[in-house]
Amino acid sequence: MRSLQIEILRTERSDEYLRKYSPADAPTIFSLINANREHLSLNGDDTARKYPTLDAVLASIVKPVNPHKLRMGIWVVQTLVGGINLTPIDEETAEIGYWLGAEHERKGYMTCAVRALTQHAIEVGFTEVCGKVKSTNERSISVLERAGYEERNANGFLDKERVFWFEEV
């Protein structure tokens, strides 16, 4: 597997950066998830379900289910606004995933975060990155499109999902 490890990644915004989760972040992550449970459960997102307690968040950082997945917080100045991750599928392909607190939507944070993490994936040698989105999640679809992803035939994926791809040119 390619090494995705990076501690901090700047976005094109001067006030925004991505930082790899650390155990000290667990209370802040849990607080944002807990305040946004209903919002995060829309469109089938399972972030709220996966992290019902502070201990669940902490355990996911200390002993992640997939140690190859790069998981980062999206920070604006010193405020956590959401999370973003990159999971290697094979030597050529990675999958991007993300979530954002409702109060931080429509400010461009996620589009910039997706662009930055996608660029990092290409720089470490992946040739394509995909993002799977529920067909009802128009905001997430727009994020991927603004970040340069294009929808492709989703053979093998659920009918209710749309799959977008970013390819190195």
# chains A, B, ... in the order shown; residues from 1 in each chain; ligands from 1
>>> residues_around(residues="Asn85 (chain A)", least_positions_apart="2", cutoff="6 Å", atoms="only C-alpha atoms", output="ChimeraX atom specification")
/A:70-71,96-97
>>> residues_around(residues="region 9-21 of chain A", least_positions_apart="5", cutoff="6 Å", atoms="only C-alpha atoms", output="list in words")
Arg71, Met72, Gly73, Ile74, Trp75, Val76, Val77, Cys112 and Ala116 of chain A
>>> write_last_selection(atoms="N, CA and C atoms", output="short mmCIF file (atom, residue, chain, number, x, y, z; two decimals), in the first residue's frame")
data_model
loop_
_atom_site.label_atom_id
_atom_site.label_comp_id
_atom_site.auth_asym_id
_atom_site.auth_seq_id
_atom_site.Cartn_x
_atom_site.Cartn_y
_atom_site.Cartn_z
N ARG A 71 -7.10 9.81 7.89
CA ARG A 71 -8.26 10.52 8.44
C ARG A 71 -7.79 11.86 8.98
N MET A 72 -8.44 12.93 8.53
CA MET A 72 -8.01 14.26 8.90
C MET A 72 -9.20 15.13 9.29
N GLY A 73 -8.94 16.06 10.20
CA GLY A 73 -9.93 17.08 10.51
C GLY A 73 -9.77 18.24 9.55
N ILE A 74 -10.87 18.89 9.27
CA ILE A 74 -10.86 20.11 8.46
C ILE A 74 -10.98 21.27 9.45
N TRP A 75 -9.94 22.08 9.49
CA TRP A 75 -9.86 23.16 10.47
C TRP A 75 -9.86 24.51 9.76
N VAL A 76 -10.61 25.45 10.30
CA VAL A 76 -10.60 26.84 9.85
C VAL A 76 -10.13 27.64 11.05
N VAL A 77 -8.96 28.22 10.91
CA VAL A 77 -8.23 28.84 12.02
C VAL A 77 -8.06 27.74 13.08
N CYS A 112 -12.58 23.00 -1.07
CA CYS A 112 -11.13 23.22 -0.94
C CYS A 112 -10.45 22.02 -0.29
N ALA A 116 -7.55 19.63 -2.02
CA ALA A 116 -6.23 19.46 -1.40
C ALA A 116 -5.91 17.99 -1.17
#
>>> closest_atom_pairs(of="region 84-146 of chain A", to="region 31-37 of chain A", cutoff="12 Å", atoms="only C-alpha atoms", output="tab-separated table")
residue	atom	partner	partner_atom	distance
A:Trp99	CA	A:Ile33	CA	9.3
A:Leu100	CA	A:Asn36	CA	8.8
A:Gly101	CA	A:Asn36	CA	6.1
A:Ala102	CA	A:Asn36	CA	6.7
A:Glu103	CA	A:Asn36	CA	8.9
A:His104	CA	A:Leu32	CA	10.8
A:Glu105	CA	A:Asn36	CA	11.9
>>> closest_residue(among="A:Ala48, A:Leu42, A:Ala24, A:Ala94", to="Ile61 (chain A)", atoms="only C-alpha atoms")
A:Ala24
>>> closest_residue(among="A:Leu117, A:Asp25, A:Asn43, A:Phe166", to="Ser135 (chain A)", atoms="only C-alpha atoms")
A:Asn43
